[in-house]
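Just data00.cif here, mmCIF, C-alpha atoms (C1' of nucleotides):
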```cif
data_my_file
#
loop_
_atom_site.label_atom_id
_atom_site.label_comp_id
_atom_site.auth_asym_id
_atom_site.auth_seq_id
_atom_site.Cartn_x
_atom_site.Cartn_y
_atom_site.Cartn_z
CA MET A 1 99.16 46.96 35.06
CA LEU A 2 102.37 48.75 34.21
CA ALA A 3 100.51 50.92 31.77
CA SER A 4 97.94 51.80 34.39
CA GLY A 5 100.66 52.98 36.72
CA THR A 6 100.63 50.18 39.28
CA PRO A 7 103.63 50.56 41.56
CA TYR A 8 106.29 47.87 41.14
CA VAL A 9 109.75 46.83 42.17
CA ILE A 10 112.43 44.87 40.36
CA ARG A 11 113.85 41.87 42.14
CA LEU A 12 116.80 39.56 41.72
CA LYS A 13 115.47 36.23 40.51
CA VAL A 14 117.25 33.50 42.46
CA GLU A 15 117.13 30.07 40.83
CA PRO A 16 116.88 27.29 43.41
CA GLY A 17 118.97 24.17 43.44
CA ARG A 18 122.50 25.47 43.48
CA GLU A 19 125.19 26.11 46.05
CA ILE A 20 126.77 29.52 46.28
CA VAL A 21 130.27 29.47 47.72
CA ILE A 22 131.54 32.67 49.24
CA GLN A 23 135.30 32.89 49.45
CA ASP A 24 136.16 34.90 52.54
CA LEU A 25 139.63 36.04 53.57
CA ILE A 26 138.84 35.51 57.23
CA ARG A 27 136.35 32.64 57.24
CA ASP A 28 137.61 30.76 54.18
CA GLN A 29 134.65 29.19 52.38
CA VAL A 30 131.06 29.80 53.37
CA SER A 31 128.42 28.05 51.32
CA VAL A 32 124.73 28.83 51.05
CA GLN A 33 121.95 27.00 49.25
CA SER A 34 120.22 29.22 46.71
CA SER A 35 116.87 27.83 47.80
CA GLU A 36 117.42 29.62 51.13
CA LEU A 37 117.77 32.95 49.40
CA ASP A 38 114.86 35.29 48.79
CA ASP A 39 114.33 37.34 45.65
CA LYS A 40 115.91 40.53 46.89
CA VAL A 41 114.49 43.86 45.78
CA LEU A 42 116.97 45.60 43.50
CA LEU A 43 115.04 48.66 42.45
CA LYS A 44 112.50 50.09 44.85
CA ALA A 45 109.08 51.33 43.84
CA ASP A 46 110.41 54.88 43.85
CA GLY A 47 113.02 53.87 41.30
CA MET A 48 115.92 54.06 43.72
CA PRO A 49 118.29 51.09 43.98
CA THR A 50 118.66 49.17 47.22
CA TYR A 51 122.05 48.81 48.85
CA HIS A 52 122.50 45.41 47.27
CA LEU A 53 122.30 46.71 43.70
CA ALA A 54 124.06 50.01 44.27
CA ASN A 55 126.85 48.34 46.20
CA ILE A 56 127.68 45.92 43.40
CA VAL A 57 127.47 48.48 40.62
CA ASP A 58 129.46 51.08 42.51
CA ASP A 59 132.17 48.69 43.56
CA HIS A 60 132.51 47.33 40.04
CA LEU A 61 132.69 50.77 38.48
CA MET A 62 135.20 51.89 41.10
CA GLU A 63 137.23 48.74 40.55
CA ILE A 64 137.11 47.85 44.22
CA THR A 65 139.42 44.96 45.05
CA HIS A 66 138.50 44.23 48.68
CA VAL A 67 135.19 44.42 50.47
CA ILE A 68 135.94 44.53 54.19
CA ARG A 69 132.85 44.85 56.36
CA GLY A 70 131.19 43.56 59.50
CA GLU A 71 129.97 40.02 59.88
CA GLU A 72 126.35 41.15 59.74
CA TRP A 73 126.85 41.35 55.97
CA LEU A 74 127.81 37.74 55.57
CA PRO A 75 124.28 36.43 54.95
CA SER A 76 123.58 38.87 52.14
CA THR A 77 126.91 38.27 50.49
CA ALA A 78 125.45 35.28 48.66
CA HIS A 79 123.08 37.68 46.91
CA HIS A 80 126.00 39.92 46.06
CA VAL A 81 127.90 37.03 44.50
CA LEU A 82 124.82 36.24 42.43
CA LEU A 83 124.64 39.85 41.33
CA TYR A 84 128.28 39.87 40.19
CA GLU A 85 127.55 36.72 38.22
CA GLY A 86 124.37 38.16 36.80
CA PHE A 87 126.22 41.18 35.46
CA GLY A 88 128.99 38.97 34.15
CA TRP A 89 131.49 40.58 36.48
CA GLN A 90 132.55 37.45 38.34
CA ASP A 91 136.10 37.73 37.03
CA THR A 92 136.60 41.09 38.69
CA MET A 93 134.55 40.37 41.77
CA PRO A 94 136.28 41.83 44.86
CA GLN A 95 137.64 39.69 47.65
CA PHE A 96 135.51 39.56 50.76
CA ALA A 97 136.58 39.81 54.38
CA HIS A 98 133.90 39.71 57.06
CA LEU A 99 135.13 41.13 60.33
CA PRO A 100 134.07 39.89 63.76
CA LEU A 101 131.60 42.20 65.49
CA ILE A 102 132.32 44.35 68.53
CA MET A 103 130.03 43.38 71.38
CA LYS A 104 128.51 45.38 74.21
CA PRO A 105 130.72 45.87 77.31
CA VAL A 106 128.10 44.05 79.37
CA GLY A 107 125.05 42.09 78.37
CA ASN A 108 124.39 40.46 75.02
CA GLY A 109 124.57 41.58 71.46
CA LYS A 110 126.68 43.76 69.24
CA LEU A 111 127.73 47.21 70.32
CA SER A 112 125.23 49.79 69.14
CA LYS A 113 124.84 53.55 69.12
CA ARG A 114 122.58 53.48 72.14
CA ASP A 115 125.20 51.76 74.24
CA GLY A 116 127.27 54.92 74.37
CA ALA A 117 124.81 56.71 76.61
CA LYS A 118 123.84 53.51 78.38
CA PHE A 119 127.35 52.67 79.54
CA GLY A 120 128.92 56.10 79.45
CA ILE A 121 131.39 55.16 76.76
CA PRO A 122 132.14 56.52 73.31
CA VAL A 123 131.04 54.42 70.36
CA PHE A 124 131.74 56.71 67.44
CA PRO A 125 134.96 58.58 66.58
CA LEU A 126 133.44 62.04 66.83
CA SER A 127 130.65 63.58 68.83
CA TRP A 128 127.35 64.22 67.13
CA LYS A 129 124.66 66.68 68.04
CA GLY A 130 121.35 65.34 66.82
CA GLU A 131 117.94 66.93 66.58
CA VAL A 132 117.00 65.40 69.89
CA GLU A 133 118.90 64.23 72.94
CA ALA A 134 118.59 60.58 71.93
CA ASP A 135 120.38 61.27 68.66
CA SER A 136 123.34 62.94 70.31
CA PHE A 137 126.43 61.19 71.57
CA THR A 138 129.99 61.81 72.66
CA GLY A 139 132.78 60.59 70.41
CA PHE A 140 136.15 59.13 71.27
CA ARG A 141 137.81 62.41 70.40
CA GLU A 142 135.70 64.54 72.70
CA ALA A 143 136.01 62.01 75.49
CA GLY A 144 139.72 62.72 75.41
CA PHE A 145 140.95 59.68 73.52
CA LEU A 146 143.93 60.11 71.23
CA PRO A 147 143.34 58.95 67.65
CA ALA A 148 146.40 56.73 67.63
CA ALA A 149 145.45 55.11 70.94
CA THR A 150 141.92 54.45 69.73
CA ILE A 151 143.12 52.88 66.50
CA ASN A 152 145.67 50.79 68.38
CA PHE A 153 143.00 49.52 70.78
CA LEU A 154 140.51 48.80 68.04
CA ALA A 155 143.11 47.03 65.92
CA LEU A 156 143.76 44.53 68.71
CA LEU A 157 140.04 43.80 68.95
CA GLY A 158 139.95 40.75 66.74
CA TRP A 159 143.39 41.04 65.25
CA HIS A 160 146.65 39.76 66.67
CA PRO A 161 150.21 40.48 65.49
CA GLY A 162 151.53 37.06 66.42
CA THR A 163 153.91 38.61 68.94
CA ASP A 164 153.41 40.01 72.42
CA GLN A 165 153.62 43.58 71.20
CA GLU A 166 150.54 45.66 72.03
CA ILE A 167 151.60 49.25 71.58
CA PHE A 168 151.98 50.03 67.89
CA SER A 169 152.83 53.22 66.10
CA MET A 170 150.77 53.76 62.96
CA GLU A 171 153.75 52.69 60.85
CA GLU A 172 154.25 49.52 62.86
CA LEU A 173 150.56 48.76 62.69
CA ILE A 174 150.48 49.13 58.93
CA ALA A 175 153.53 46.92 58.58
CA ALA A 176 152.27 44.21 60.94
CA PHE A 177 148.59 44.13 60.00
CA SER A 178 147.14 41.48 57.76
CA ILE A 179 143.55 40.50 57.11
CA GLU A 180 144.46 36.83 57.37
CA SER A 181 145.39 37.14 61.04
CA ILE A 182 142.06 38.58 62.05
CA GLY A 183 140.07 36.32 64.34
CA LYS A 184 136.59 35.00 63.73
CA SER A 185 134.76 35.50 66.98
CA GLY A 186 133.10 38.66 68.25
CA ALA A 187 135.09 40.80 70.68
CA ARG A 188 133.61 42.47 73.70
CA PHE A 189 134.38 46.16 74.04
CA ASP A 190 136.69 46.39 77.06
CA TYR A 191 136.61 49.97 78.26
CA ASP A 192 139.29 49.41 80.89
CA LYS A 193 141.70 48.28 78.23
CA ALA A 194 140.78 51.22 76.01
CA LYS A 195 141.59 53.52 78.93
CA TRP A 196 144.90 51.77 79.47
CA PHE A 197 145.90 52.37 75.86
CA ASN A 198 145.01 56.02 76.11
CA GLN A 199 146.97 56.42 79.31
CA LYS A 200 149.98 54.78 77.68
CA TYR A 201 149.80 57.08 74.68
CA LEU A 202 149.44 60.12 76.90
CA GLN A 203 152.54 59.10 78.84
CA GLN A 204 154.48 58.68 75.63
CA SER A 205 153.45 62.03 74.21
CA SER A 206 155.82 64.96 74.54
CA ASP A 207 154.95 67.87 76.81
CA ALA A 208 154.55 70.09 73.76
CA GLU A 209 152.09 67.68 72.15
CA LEU A 210 150.11 67.39 75.36
CA ALA A 211 150.05 71.17 75.69
CA THR A 212 148.51 71.44 72.25
CA MET A 213 145.96 68.77 73.09
CA MET A 214 144.84 70.26 76.38
CA ALA A 215 144.69 73.83 75.11
CA PRO A 216 141.05 73.62 73.92
CA TYR A 217 139.94 72.20 77.24
CA ALA A 218 141.78 74.92 79.14
CA ALA A 219 140.22 77.55 76.91
CA ALA A 220 136.77 76.09 77.47
CA LYS A 221 137.30 76.58 81.19
CA GLY A 222 138.20 80.19 80.58
CA TYR A 223 141.83 79.84 81.60
CA SER A 224 144.29 82.15 79.93
CA THR A 225 147.35 80.11 79.20
CA ASP A 226 150.43 79.91 77.04
CA ALA A 227 152.48 77.05 75.68
CA ALA A 228 155.06 77.19 78.47
CA LEU A 229 152.41 76.99 81.15
CA LEU A 230 150.60 74.11 79.50
CA GLU A 231 153.83 72.22 78.95
CA GLY A 232 154.64 72.59 82.60
CA ILE A 233 151.27 71.16 83.52
CA ALA A 234 151.77 68.35 81.04
CA ARG A 235 155.08 67.48 82.67
CA LEU A 236 153.55 67.47 86.14
CA MET A 237 150.38 65.55 85.31
CA LYS A 238 151.14 63.20 82.42
CA GLU A 239 151.91 60.25 84.69
CA ARG A 240 148.59 60.54 86.46
CA VAL A 241 145.93 61.13 83.82
CA THR A 242 143.99 58.85 81.54
CA PHE A 243 142.24 61.32 79.27
CA VAL A 244 143.22 64.70 77.90
CA PRO A 245 140.51 66.58 79.84
CA ASP A 246 141.93 65.11 83.05
CA PHE A 247 144.76 67.63 82.89
CA VAL A 248 142.25 70.42 83.36
CA GLU A 249 139.85 68.55 85.62
CA GLU A 250 142.16 66.77 88.00
CA GLY A 251 144.92 69.32 87.77
CA TYR A 252 142.69 72.39 88.01
CA TYR A 253 144.77 73.75 90.88
CA LEU A 254 147.63 74.26 88.46
CA PHE A 255 145.43 76.70 86.54
CA GLU A 256 143.68 78.49 89.40
CA PRO A 257 143.75 78.73 93.22
CA VAL A 258 142.66 75.79 95.34
CA ARG A 259 138.87 75.58 95.51
CA THR A 260 138.41 73.16 98.37
CA TYR A 261 140.61 71.36 100.82
CA ASP A 262 140.37 67.69 101.61
CA GLU A 263 138.77 68.11 105.04
CA ASP A 264 139.56 64.63 106.27
CA ALA A 265 143.19 65.01 105.36
CA VAL A 266 143.36 68.43 107.00
CA ALA A 267 141.76 67.08 110.15
CA LYS A 268 144.27 64.28 110.23
CA LYS A 269 147.37 66.33 109.53
CA TRP A 270 146.75 69.76 111.01
CA SER A 271 147.35 70.56 114.62
CA ALA A 272 147.16 73.94 116.29
CA ARG A 273 150.63 73.44 117.76
CA LEU A 274 152.04 73.38 114.23
CA GLU A 275 150.90 76.92 113.53
CA PRO A 276 154.11 78.69 114.58
CA SER A 277 156.18 76.29 112.51
CA PHE A 278 153.93 76.67 109.53
CA GLN A 279 154.10 80.41 109.87
CA ALA A 280 157.87 80.24 109.96
CA LEU A 281 157.87 77.98 106.96
CA ILE A 282 155.88 80.51 104.98
CA GLU A 283 158.49 83.09 105.90
CA TRP A 284 161.17 80.74 104.74
CA PHE A 285 159.46 80.25 101.37
CA ARG A 286 159.09 83.99 101.05
CA ASN A 287 162.76 84.61 101.48
CA THR A 288 164.59 81.58 100.21
CA ALA A 289 166.95 82.34 97.38
CA ALA A 290 166.31 79.95 94.50
CA PHE A 291 162.80 78.74 93.80
CA GLU A 292 163.59 75.40 92.23
CA ALA A 293 162.29 72.01 93.26
CA ILE A 294 165.64 70.56 94.25
CA THR A 295 166.82 73.48 96.32
CA LEU A 296 163.39 73.94 97.86
CA GLU A 297 163.37 70.33 98.94
CA GLN A 298 166.82 70.59 100.47
CA GLY A 299 165.88 73.81 102.18
CA VAL A 300 162.69 72.44 103.67
CA LYS A 301 164.52 69.36 104.90
CA THR A 302 167.02 71.58 106.63
CA PHE A 303 164.16 73.64 108.02
CA MET A 304 162.49 70.51 109.38
CA ALA A 305 165.70 69.33 110.98
CA GLU A 306 166.35 72.68 112.63
CA ASN A 307 162.82 72.81 113.99
CA THR A 308 162.64 69.14 114.93
CA LEU A 309 159.70 68.55 112.62
CA LYS A 310 158.99 65.24 111.00
CA PRO A 311 158.36 65.09 107.25
CA GLY A 312 154.90 63.77 108.01
CA GLU A 313 154.12 66.92 109.93
CA VAL A 314 155.10 69.23 107.11
CA LEU A 315 154.91 67.71 103.64
CA PRO A 316 151.25 66.65 103.72
CA LEU A 317 150.28 70.14 104.85
CA LEU A 318 152.32 71.74 102.09
CA ARG A 319 150.59 69.46 99.61
CA LEU A 320 147.20 70.32 100.99
CA ALA A 321 148.04 74.00 100.83
CA LEU A 322 149.18 73.90 97.22
CA ALA A 323 146.68 71.44 95.76
CA GLY A 324 143.90 71.02 98.31
CA THR A 325 144.10 67.27 97.86
CA MET A 326 146.40 64.46 98.87
CA LYS A 327 146.79 63.45 95.24
CA GLY A 328 148.97 65.06 92.65
CA PRO A 329 152.51 65.92 91.60
CA ALA A 330 155.50 66.07 93.93
CA VAL A 331 155.16 68.96 96.39
CA PHE A 332 158.31 70.79 95.41
CA ASP A 333 157.65 70.37 91.71
CA MET A 334 154.33 72.09 92.24
CA ALA A 335 155.98 74.86 94.25
CA GLU A 336 158.50 75.49 91.52
CA PHE A 337 155.77 75.46 88.89
CA LEU A 338 153.60 77.91 90.84
CA GLY A 339 156.46 80.20 91.67
CA ARG A 340 157.17 82.11 94.83
CA ASP A 341 154.17 84.45 94.83
CA ALA A 342 151.50 81.87 94.17
CA THR A 343 153.11 79.36 96.51
CA CYS A 344 153.23 81.84 99.37
CA ALA A 345 149.72 83.03 98.67
CA ARG A 346 148.44 79.47 98.83
CA LEU A 347 150.33 78.77 102.02
CA GLU A 348 148.77 81.84 103.60
CA ALA A 349 145.28 80.94 102.42
CA ALA A 350 145.69 77.40 103.61
CA LEU A 351 146.90 78.48 107.01
CA GLN A 352 143.80 80.61 107.43
CA PHE A 353 141.67 77.63 106.48
CA PHE A 354 143.55 75.23 108.74
CA LYS A 355 143.05 77.57 111.71
CA THR A 356 139.30 77.45 111.32
CA ARG A 357 139.39 73.69 111.77
CA ILE A 358 138.70 72.35 115.22
CA THR A 359 141.66 70.24 116.05
CA THR A 360 142.90 68.18 118.90
CA VAL A 361 146.48 68.60 120.00
"C1'" G B 1 111.47 29.20 63.76
"C1'" G B 2 114.92 28.85 59.34
"C1'" C B 3 119.82 29.87 57.45
"C1'" C B 4 124.90 31.43 58.32
"C1'" C B 5 129.07 32.31 61.73
"C1'" G B 6 131.48 31.45 66.20
"C1'" U B 7 133.22 29.10 71.34
"C1'" U B 8 141.11 29.11 75.37
"C1'" C B 9 141.58 32.92 82.25
"C1'" G B 10 136.13 38.02 84.18
"C1'" U B 11 137.87 40.74 79.29
"C1'" C B 12 141.21 41.04 74.65
"C1'" U B 13 143.97 36.99 72.95
"C1'" A B 14 148.67 33.38 71.65
"C1'" G B 15 149.14 28.44 70.82
"C1'" G B 16 148.14 23.84 68.58
"C1'" G B 17 148.07 16.05 68.70
"C1'" G B 18 152.57 14.94 73.76
"C1'" U B 19 153.35 22.57 76.68
"C1'" U B 20 154.45 24.01 83.85
"C1'" A B 21 148.50 26.15 78.14
"C1'" G B 22 151.99 32.06 77.02
"C1'" G B 23 151.02 37.57 76.94
"C1'" A B 24 147.95 41.97 77.99
"C1'" C B 25 143.78 44.56 80.70
"C1'" G B 26 141.38 44.03 85.36
"C1'" C B 27 141.83 42.41 90.31
"C1'" A B 28 145.04 41.10 94.81
"C1'" G B 29 149.76 41.47 97.36
"C1'" G B 30 154.73 43.54 97.58
"C1'" A B 31 159.04 47.01 96.29
"C1'" U B 32 159.99 52.22 95.07
"C1'" U B 33 157.84 57.18 96.09
"C1'" U B 34 156.41 59.99 103.46
"C1'" U B 35 150.80 62.02 98.44
"C1'" C B 36 148.49 60.15 94.12
"C1'" A B 37 150.17 58.15 89.86
"C1'" U B 38 154.13 55.96 87.18
"C1'" U B 39 157.67 51.96 87.20
"C1'" C B 40 159.14 47.02 88.84
"C1'" C B 41 158.10 42.12 91.12
"C1'" U B 42 154.64 38.31 92.62
"C1'" G B 43 149.93 36.16 92.64
"C1'" U B 44 144.81 35.15 90.77
"C1'" A B 45 142.24 32.82 86.76
"C1'" A B 46 140.84 29.41 80.90
"C1'" C B 47 140.94 25.12 76.60
"C1'" A B 48 131.80 24.82 76.97
"C1'" C B 49 129.93 19.53 77.11
"C1'" G B 50 129.45 14.51 74.93
"C1'" G B 51 131.04 11.12 71.49
"C1'" G B 52 134.59 9.55 68.11
"C1'" U B 53 139.81 9.31 65.36
"C1'" U B 54 144.55 8.38 67.84
"C1'" C B 55 149.46 5.30 71.71
"C1'" G B 56 147.93 10.27 73.12
"C1'" A B 57 143.38 15.22 72.30
"C1'" U B 58 142.63 21.77 74.45
"C1'" U B 59 144.35 21.10 69.33
"C1'" C B 60 141.25 16.87 64.02
"C1'" C B 61 135.87 15.01 62.96
"C1'" C B 62 130.60 14.67 64.44
"C1'" G B 63 126.83 16.00 67.67
"C1'" U B 64 124.83 19.00 71.85
"C1'" A B 65 124.75 23.39 74.53
"C1'" C B 66 125.67 28.33 74.55
"C1'" G B 67 126.76 33.03 72.09
"C1'" G B 68 126.39 36.13 67.74
"C1'" G B 69 124.44 37.63 62.96
"C1'" C B 70 120.80 37.63 59.07
"C1'" U B 71 115.85 36.70 57.88
"C1'" A B 72 113.03 45.19 55.11
"C1'" C B 73 111.12 48.56 48.80
"C1'" C B 74 117.73 49.77 55.97
"C1'" A B 75 122.46 49.79 55.44
#
```

Could you express the structure from this file as structure tokens?
Amino acid sequence: MLASGTPYVIRLKVEPGREIVIQDLIRDQVSVQSSELDDKVLLKADGMPTYHLANIVDDHLMEITHVIRGEEWLPSTAHHVLLYEGFGWQDTMPQFAHLPLIMKPVGNGKLSKRDGAKFGIPVFPLSWKGEVEADSFTGFREAGFLPAATINFLALLGWHPGTDQEIFSMEELIAAFSIESIGKSGARFDYDKAKWFNQKYLQQSSDAELATMMAPYAAAKGYSTDAALLEGIARLMKERVTFVPDFVEEGYYLFEPVRTYDEDAVAKKWSARLEPSFQALIEWFRNTAAFEAITLEQGVKTFMAENTLKPGEVLPLLRLALAGTMKGPAVFDMAEFLGRDATCARLEAALQFFKTRITTV
RNA sequence: GGCCCGUUCGUCUAGGGGUUAGGACGCAGGAUUUUCAUUCCUGUAACACGGGUUCGAUUCCCGUACGGGCUACCA
């Protein structure tokens, strides 16, 4: 048959009747009866080796000491042990460690590539643009996750340091980590916790680092920026973002004029009778000496006192004028960041908008 | 189906024969901030079930249930 060119494969012949004991760093001993094992294909009909053969030969040649892989490999490890024995390499066989699997955020089963699109979460480190839509996905990096935060989060999925520490620098992680303290059960991917780690890392990053990180996102939006500007935005927004792109998305008004005003907030805070005061306030901003947060705040407080205005009648409107929303950095910090010209321009624009609103008293 | 692995708050987990079963995320409430967020405080909530072993089991053993993985000339 061989001579006539009949296609064939070469298999591993597994003798029945013996127990194969796999020594695992995480699960200790796992034993399998050889009678349960099939005669795995080693060389395919096209002459190429299967993973099982290639894996053992490669690892042996490369003098691999530890095979650390997902739990889905545990069943085939018995074959691998047999292969090491078959080649007479049992003395240099690597140590095995089978890691618990990461499970879907919701539902059953292990986390898979498809889950990224399904749940709107990253699954792989980097984005990938495939031939078709279904083969494309967004990576942790492009989603705005910091590498260190992602590693930190992933490390705690299944592993525990033995202390209550959760935030680890790479050095601390390397020092504290050990295969032996990895757990055995599968861990569900908790996106909320992943976000929390990222937020923590963002908060701990310096303004200069954040500026560097947000630069590509700012450029993609067509903003012309410089390091000083980006650092200022980092300082203003770092306590209120979760992902790097948030700086540009949620803090867009620090890059460009306000696009829209929170209508409900305007309706609630604006009153036609405030117009003269607001007008006077704009004048004040235009002429006040120093344009720094602290002095601006003191000045506006004095202004409010002199005009018998309550903070609630002034500050929310200033915020709305500068940012368009009730969220965001402290009002006077934004004013200082924007500078006199932009601040006054926004106050003017906002006043025009406010006046178009139909208001009661 | 068969084989292998696993099972502590909703989630990630610590712990381990006698504990008020600890921490974190989330959620809820409060303090601070006349925004949002941050920060701080408080609260919420768990040992899958049944048998053993034991003076005593969440912890050890055995079952059951449930969950996961493998069962390709894929990796």

Kindly assemble as a Markdown table a list of the chain A residues that lie within 6 Å of chain B, each paired with its nearest atom pair and their distance in Å to one decimal, using all atoms listed in the file, sorted first by chain and then by ascending residue number.
```
| residue | atom | partner | partner_atom | distance |
| --- | --- | --- | --- | --- |
| A:Lys44 | CA | B:C73 | C1' | 4.5 |
| A:Glu72 | CA | B:G69 | C1' | 5.1 |
| A:Pro75 | CA | B:C70 | C1' | 5.5 |
| A:Asp164 | CA | B:G23 | C1' | 5.7 |
| A:Ser185 | CA | B:G6 | C1' | 5.3 |
| A:Lys193 | CA | B:C25 | C1' | 4.9 |
| A:Glu239 | CA | B:U38 | C1' | 5.4 |
| A:Arg240 | CA | B:A37 | C1' | 4.4 |
| A:Met326 | CA | B:U35 | C1' | 5.0 |
| A:Lys327 | CA | B:C36 | C1' | 3.9 |
| A:Gly328 | CA | B:C36 | C1' | 5.1 |
```

Pull out every residue that the PyMOL selection byres ((chain A and resi 237) around 12) matches in the shown coordinates and put them as a ChimeraX atom specification.
/A:199,202-203,207,210-211,214,230-236,238-254,327-330,333-334,337 /B:36-38

Selection result for the PyMOL selection byres ((chain B and resi 63) around 10) on this file, as a ChimeraX atom specification:
/B:50-51,62,64

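Between CA of Asp192 in chain A and CA of Glu209 in chain A the separation is 24.0 Å.
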
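When CA of Leu99 in chain A is paired with CA of Phe177 in chain A, their separation reads 13.8 Å.
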
Test item: residues at most 6 Å from range 125-127 of chain A, only C-alpha atoms (C1' of nucleotides), excluding those fewer than 6 positions along its chain, as a list in words:
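Close residues of range 125-127 of chain A: Phe137, Thr138, Gly139, Phe140 and Arg141 of chain A.
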
Using the file's own x, y and z axes, what box holds all listed atoms of range 40-59 of chain B with 8 Å on each side, keeping edges along x, y and z, and what are its centre and edge lengths in Å to one decimal, as JSON?
```
{"center_x": 144.3, "center_y": 26.2, "center_z": 79.0, "size_x": 45.7, "size_y": 57.7, "size_z": 43.3}
```

Just to confirm, what's the straight-line distance from CA of Pro147 in chain A to CA of Ala219 in chain A in Å (one decimal)?
21.0 Å

Might you pull out every residue within 12 Å of Glu180 in chain A, with only C-alpha atoms (C1' of nucleotides) counted and same-chain residues fewer than 3 positions away left off, and present them as a PDB file with C-alpha atoms, in the frame of the given file?
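The resulting file, result.pdb, is shown below:
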```
ATOM      1  CA  ASP A  24     136.160  34.900  52.540  1.00  0.00           C
ATOM      2  CA  LEU A  25     139.630  36.040  53.570  1.00  0.00           C
ATOM      3  CA  ILE A  26     138.840  35.510  57.230  1.00  0.00           C
ATOM      4  CA  ARG A  27     136.350  32.640  57.240  1.00  0.00           C
ATOM      5  CA  ASP A  28     137.610  30.760  54.180  1.00  0.00           C
ATOM      6  CA  ILE A  68     135.940  44.530  54.190  1.00  0.00           C
ATOM      7  CA  PHE A  96     135.510  39.560  50.760  1.00  0.00           C
ATOM      8  CA  ALA A  97     136.580  39.810  54.380  1.00  0.00           C
ATOM      9  CA  HIS A  98     133.900  39.710  57.060  1.00  0.00           C
ATOM     10  CA  LEU A  99     135.130  41.130  60.330  1.00  0.00           C
ATOM     11  CA  GLY A 158     139.950  40.750  66.740  1.00  0.00           C
ATOM     12  CA  TRP A 159     143.390  41.040  65.250  1.00  0.00           C
ATOM     13  CA  HIS A 160     146.650  39.760  66.670  1.00  0.00           C
ATOM     14  CA  PRO A 161     150.210  40.480  65.490  1.00  0.00           C
ATOM     15  CA  GLY A 162     151.530  37.060  66.420  1.00  0.00           C
ATOM     16  CA  ALA A 176     152.270  44.210  60.940  1.00  0.00           C
ATOM     17  CA  PHE A 177     148.590  44.130  60.000  1.00  0.00           C
ATOM     18  CA  GLY A 183     140.070  36.320  64.340  1.00  0.00           C
ATOM     19  CA  LYS A 184     136.590  35.000  63.730  1.00  0.00           C
TER      20      LYS A 184
END
```

Could you state which residues are captured by the PyMOL selection byres ((chain A and resi 122) around 12) in this file, as a PyMOL selection string?
chain A and resi 104-105+111-121+123-128+136-145+150+189-191+194-195

Extract, using all atoms listed in the file, all DNA, RNA and protein residues at most 10 Å from Lys310 in chain A, discarding same-chain residues fewer than 4 positions from it, and format them as number ranges by chain.
A: 301, 304-305, 314-315; B: 34

I'd like the neighbourhood of A28 in chain B as a list in words, where a residue qualifies if any of its atoms comes within 12 Å (using all atoms listed in the file), though same-chain residues fewer than 3 positions away should be ignored.
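Within the cut-off, the hits are U42, G43, U44 and A45 of chain B.
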
Selection above as a file: C-alpha atoms (C1' of nucleotides), as an mmCIF file, in the frame of the given file:
```cif
data_model
loop_
_atom_site.group_PDB
_atom_site.id
_atom_site.type_symbol
_atom_site.label_atom_id
_atom_site.label_comp_id
_atom_site.auth_asym_id
_atom_site.auth_seq_id
_atom_site.Cartn_x
_atom_site.Cartn_y
_atom_site.Cartn_z
ATOM 1 C "C1'" U B 42 154.640 38.310 92.620
ATOM 2 C "C1'" G B 43 149.930 36.160 92.640
ATOM 3 C "C1'" U B 44 144.810 35.150 90.770
ATOM 4 C "C1'" A B 45 142.240 32.820 86.760
#
```

Could you tell me which of B:U59, B:U20, B:U32, B:U54 comes closest to U8 in chain B if we count only C-alpha atoms (C1' of nucleotides)?
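The shortest atom-to-atom distance to U8 in chain B comes from B:U59.
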